[in-house]
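Down below is the structure, laid out as structure tokens.
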There are 2 protein chains.
Amino acid sequence: VYAVPVRRVPPLVLVTDRRATGGRDLLAVVEAALDAGLPAVQLRDKDLPGRALWRLAGALRTATRRTGALLFVNDRVDVALAVGADGVHLGRASIPLAAARALVGPGPLIGVSTHAAAEVQAAAGGGADFAFFGPVYATPGKTAVGLGPLAAATGRLPVLAIGGVTAAELRAVRAAGASGVAAIRAILAAPDPAAATRALLAAVAG
Amino acid sequence: VYAVPVRRVPPLVLVTDRRATGGRDLLAVVEAALDAGLPAVQLRDKDLPGRALWRLAGALRTATRRTGALLFVNDRVDVALAVGADGVHLGRASIPLAAARALVGPGPLIGVSTHAAAEVQAAAGGGADFAFFGPVYATPGKTAVGLGPLAAATGRLPVLAIGGVTAAELRAVRAAGASGVAAIRAILAAPDPAAATRALLAAVAG
């Protein structure tokens with residue numbers, strides 16, 4: 001029933017934030033997660049200008065190619081295309097889904113950030129391949145949406161829960177219908193990012 | 001000797017800054033300039049997120065199509081492609097020229113912001129179609145480069161002088177070898193943007 005086979009949508013996506021690593025080099029932390037089996041990375045350091053983003057995207061492309069992981073780029077479809085990313089991710093302030101699809105063509109995956117069931121429905125109708133939904137749990141500066149709305153949002157598209165989800169919550173998140181999780185601090189801020197990645201992967205498969 | 005016929009490079013480009021209009025609607029001011037004969041607009045409201053930029057670019061595309069003017073989009077190659085702009089403009093913080101060219105193909109024009117003769121030379125070698133050079137005169141927060149460096153920068157690519165250039169300076173700027181001018185406040189902040197556009201066009205042709 002999905003436009004894209006669900007198996008193409010990774011069950012775990014690491015979303016980057018170079019300020020969440022506790023001073024460690026972002027690329028080194030991501031590489032540790034990739035070596036631990038991380039299936040996908042989304043570059044989302046929103047404040048970086050085009051050239052710096054393009055440079056970091058290129059480094060992540062090299063790192064993900066080495067392990068076979070997918071690379072997504074948030075918002076900047078041009079940067080995604082320039083580095084040969086596997087897809088793009090769109091937020092509320094990004095160019096519309098239809099415009100992005102016209103630019104990337106049918107192959108690359110397009111993920112969309114959503115916060116309500118109606119947004120997931122619109123994303124599904126517009127040709128998105130998957131949705132982030134959240135914040136499911138409270139995160140710094142954001143109020144939790146909760147598991148009930150998450151459950152109401154699933155079924156139309158593969159939905160990855162985002163926002164404060166750790167391995168401990170994965171059973172509840174999966175029970176609500178989410179096909180996986182998008183992690184930021186759960187990996188980037190972990191004392192051992194490789195161990196955190198393995199724990200999330202084990203929980204998402206369990 | 002230019003990669004692109006000089007005639008394709010407009011002698012006057014209005015660079016947008018919606019904060020420079022003295023509270024008037026940017027689109028209305030640009031439309032007044034277009035109706036006065038403005039041959040090209042570059043959308044460069046850098047702080048706008050993708051969707052707002054895309055929306056404004058679409059409105060400018062409609063307005064420029066109506067008068068036959070060219071439309072350039074600064075930095076966001078994806079937005080330029082999405083609205084069918086005639087070209088893109090790259091600054092120091094934008095993705096590299098070669099990456100932008102690969103994305104847009106051979107047709108669209110690529111302009112590059114430069115501040116020294118060596119940068120114009122690099123842009124010419126990299127396949128840019130024209131360069132902005134400046135600030136030739138002092139502008140708020142920027143020190144003037146001056147006419148001597150402008151003269152040294154011309155001859156490799158069509159060069160448009162930018163930075164505090166008004167109709168009064170156009171003779172000197174043309175004498176230095178510039179093929180035209182990129183205007184911001186000279187049009188956007190003018191009491192009568194249409195009259196300011198006509199004055200600049202007359203001066204650039206004189």
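Ordering of the structure tokens sets the chain letters (A, B, ...); residue numbers start at 1 within each chain; ligands are numbered from 1 in the order shown.
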request  = Looking only at alpha helix (DSSP H) from DSSP on the backbone, list the matching residues of stretch 166-198 of chain B as a PyMOL selection string.
outcome  = chain B and resi 170-175+185-188+193-198
I need the residues from that last selection saved to file as a CSV table (one decimal), in the first residue's frame (with all heavy atoms), if you can.
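Result file result-v5.csv:
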```csv
chain,number,residue,atom,x,y,z
B,170,LEU,N,28.3,56.2,-13.1
B,170,LEU,CA,28.3,55.2,-14.2
B,170,LEU,C,29.4,55.4,-15.3
B,170,LEU,O,29.9,54.5,-15.8
B,170,LEU,CB,26.9,55.0,-14.8
B,170,LEU,CG,26.1,53.8,-14.4
B,170,LEU,CD1,25.9,52.9,-15.5
B,170,LEU,CD2,26.8,53.1,-13.2
B,171,ARG,N,29.6,56.7,-15.6
B,171,ARG,CA,30.6,57.0,-16.6
B,171,ARG,C,32.0,56.5,-16.2
B,171,ARG,O,32.7,55.9,-16.9
B,171,ARG,CB,30.6,58.5,-16.9
B,171,ARG,CG,31.6,58.9,-18.0
B,171,ARG,CD,31.7,60.4,-18.2
B,171,ARG,NE,30.4,61.0,-18.7
B,171,ARG,CZ,30.1,61.1,-20.0
B,171,ARG,NH1,30.9,60.8,-20.9
B,171,ARG,NH2,28.9,61.6,-20.3
B,172,ALA,N,32.3,56.8,-14.9
B,172,ALA,CA,33.6,56.4,-14.4
B,172,ALA,C,33.7,54.8,-14.3
B,172,ALA,O,34.7,54.2,-14.6
B,172,ALA,CB,33.8,57.0,-13.0
B,173,VAL,N,32.6,54.2,-13.9
B,173,VAL,CA,32.6,52.8,-13.8
B,173,VAL,C,32.7,52.1,-15.2
B,173,VAL,O,33.5,51.1,-15.4
B,173,VAL,CB,31.3,52.4,-13.1
B,173,VAL,CG1,30.9,50.9,-13.3
B,173,VAL,CG2,31.3,52.7,-11.6
B,174,ARG,N,32.0,52.7,-16.2
B,174,ARG,CA,32.2,52.1,-17.5
B,174,ARG,C,33.6,52.4,-18.1
B,174,ARG,O,34.1,51.5,-18.8
B,174,ARG,CB,31.1,52.8,-18.5
B,174,ARG,CG,29.7,52.4,-18.2
B,174,ARG,CD,29.5,50.9,-18.5
B,174,ARG,NE,29.7,50.6,-19.9
B,174,ARG,CZ,28.9,50.8,-20.9
B,174,ARG,NH1,27.6,51.2,-20.7
B,174,ARG,NH2,29.2,50.5,-22.2
B,175,ALA,N,34.1,53.6,-17.8
B,175,ALA,CA,35.5,53.9,-18.2
B,175,ALA,C,36.5,52.9,-17.6
B,175,ALA,O,37.5,52.6,-18.3
B,175,ALA,CB,35.8,55.3,-17.9
B,185,ARG,N,20.3,49.6,-3.4
B,185,ARG,CA,19.6,50.7,-2.8
B,185,ARG,C,19.3,51.8,-3.9
B,185,ARG,O,18.4,52.6,-3.8
B,185,ARG,CB,20.4,51.4,-1.7
B,185,ARG,CG,20.3,50.5,-0.4
B,185,ARG,CD,21.2,51.1,0.7
B,185,ARG,NE,21.4,50.1,1.7
B,185,ARG,CZ,22.2,49.0,1.6
B,185,ARG,NH1,22.9,48.8,0.5
B,185,ARG,NH2,22.3,48.1,2.5
B,186,ALA,N,20.2,51.9,-4.9
B,186,ALA,CA,20.0,52.9,-6.0
B,186,ALA,C,18.6,52.8,-6.6
B,186,ALA,O,18.1,53.8,-7.1
B,186,ALA,CB,21.1,52.7,-7.1
B,187,ILE,N,18.0,51.6,-6.6
B,187,ILE,CA,16.7,51.5,-7.1
B,187,ILE,C,15.7,51.2,-5.9
B,187,ILE,O,14.7,51.9,-5.8
B,187,ILE,CB,16.6,50.3,-8.1
B,187,ILE,CG1,17.3,50.6,-9.4
B,187,ILE,CG2,15.1,50.0,-8.4
B,187,ILE,CD1,17.4,49.5,-10.4
B,188,LEU,N,16.0,50.3,-5.0
B,188,LEU,CA,15.0,49.9,-4.0
B,188,LEU,C,14.7,51.0,-3.0
B,188,LEU,O,13.6,51.1,-2.5
B,188,LEU,CB,15.5,48.7,-3.3
B,188,LEU,CG,15.7,47.4,-4.0
B,188,LEU,CD1,16.2,46.3,-3.1
B,188,LEU,CD2,14.4,47.0,-4.7
B,193,PRO,N,11.4,54.5,-7.8
B,193,PRO,CA,12.2,53.4,-8.4
B,193,PRO,C,12.2,53.3,-9.9
B,193,PRO,O,13.2,52.9,-10.5
B,193,PRO,CB,11.6,52.1,-7.7
B,193,PRO,CG,10.9,52.6,-6.5
B,193,PRO,CD,10.4,54.0,-6.8
B,194,ALA,N,11.1,53.7,-10.5
B,194,ALA,CA,11.0,53.6,-12.0
B,194,ALA,C,11.9,54.7,-12.6
B,194,ALA,O,12.7,54.4,-13.5
B,194,ALA,CB,9.6,53.9,-12.4
B,195,ALA,N,11.9,55.9,-12.0
B,195,ALA,CA,12.8,57.0,-12.5
B,195,ALA,C,14.2,56.6,-12.2
B,195,ALA,O,15.1,56.8,-13.1
B,195,ALA,CB,12.4,58.3,-11.8
B,196,ALA,N,14.5,56.0,-11.1
B,196,ALA,CA,15.9,55.6,-10.8
B,196,ALA,C,16.4,54.5,-11.8
B,196,ALA,O,17.5,54.5,-12.2
B,196,ALA,CB,16.0,55.1,-9.4
B,197,THR,N,15.5,53.6,-12.1
B,197,THR,CA,15.8,52.6,-13.1
B,197,THR,C,16.1,53.2,-14.5
B,197,THR,O,17.1,52.9,-15.1
B,197,THR,CB,14.7,51.6,-13.3
B,197,THR,OG1,14.4,51.0,-12.0
B,197,THR,CG2,15.0,50.5,-14.3
B,198,ARG,N,15.3,54.1,-14.9
B,198,ARG,CA,15.5,54.8,-16.2
B,198,ARG,C,16.8,55.6,-16.2
B,198,ARG,O,17.5,55.6,-17.2
B,198,ARG,CB,14.3,55.7,-16.5
B,198,ARG,CG,13.1,54.9,-17.0
B,198,ARG,CD,12.0,55.9,-17.6
B,198,ARG,NE,11.4,56.7,-16.5
B,198,ARG,CZ,10.3,56.3,-15.8
B,198,ARG,NH1,9.6,55.2,-16.1
B,198,ARG,NH2,9.8,57.1,-14.9
```
task = Starting from chain B, keep only residues with some atom at most 10 Å from an atom of chain A, counting only C-alpha atoms, and report them as a ChimeraX atom specification.
result = /B:48-55,75-83,90-96,98-104
query = Which distance in Å separates atom CA of B:Val204 and atom CA of B:Leu12, to one decimal?
reply = 7.7 Å
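Surrounding stretch 134-137 of chain A within 8 Å are A:Thr114, A:His115, A:Phe132, A:Thr139, A:Lys142, A:Thr143, A:Ala144, A:Val145, A:Gly146, A:Leu147, A:Leu150, A:Ala161, A:Ile162, A:Gly163, A:Gly164, A:Val165, with only C-alpha atoms counted and residues fewer than 2 positions along the same chain left out.
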message = Just want the 10 Å neighbourhood of B:Gly125, counted on only C-alpha atoms, with same-chain residues fewer than 3 positions away dropped. Output as a PyMOL selection string.
response = chain B and resi 3+119-122+128+156-157
ask   = Can you tell me, as a PyMOL selection string, what residues are no more than 10 Å from stretch 27-30 of chain B when counting only C-alpha atoms, ignoring any on the same chain fewer than 2 positions away?
value = chain B and resi 14-16+18+21+24-25+32-36+38+41+56+59-60+63-64+187-190+192-194
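Candidate residues B:Pro191, B:Gly206, B:Pro140, B:Gly107 were compared for distance to B:Gly22, and the nearest is B:Pro191, using only C-alpha atoms.
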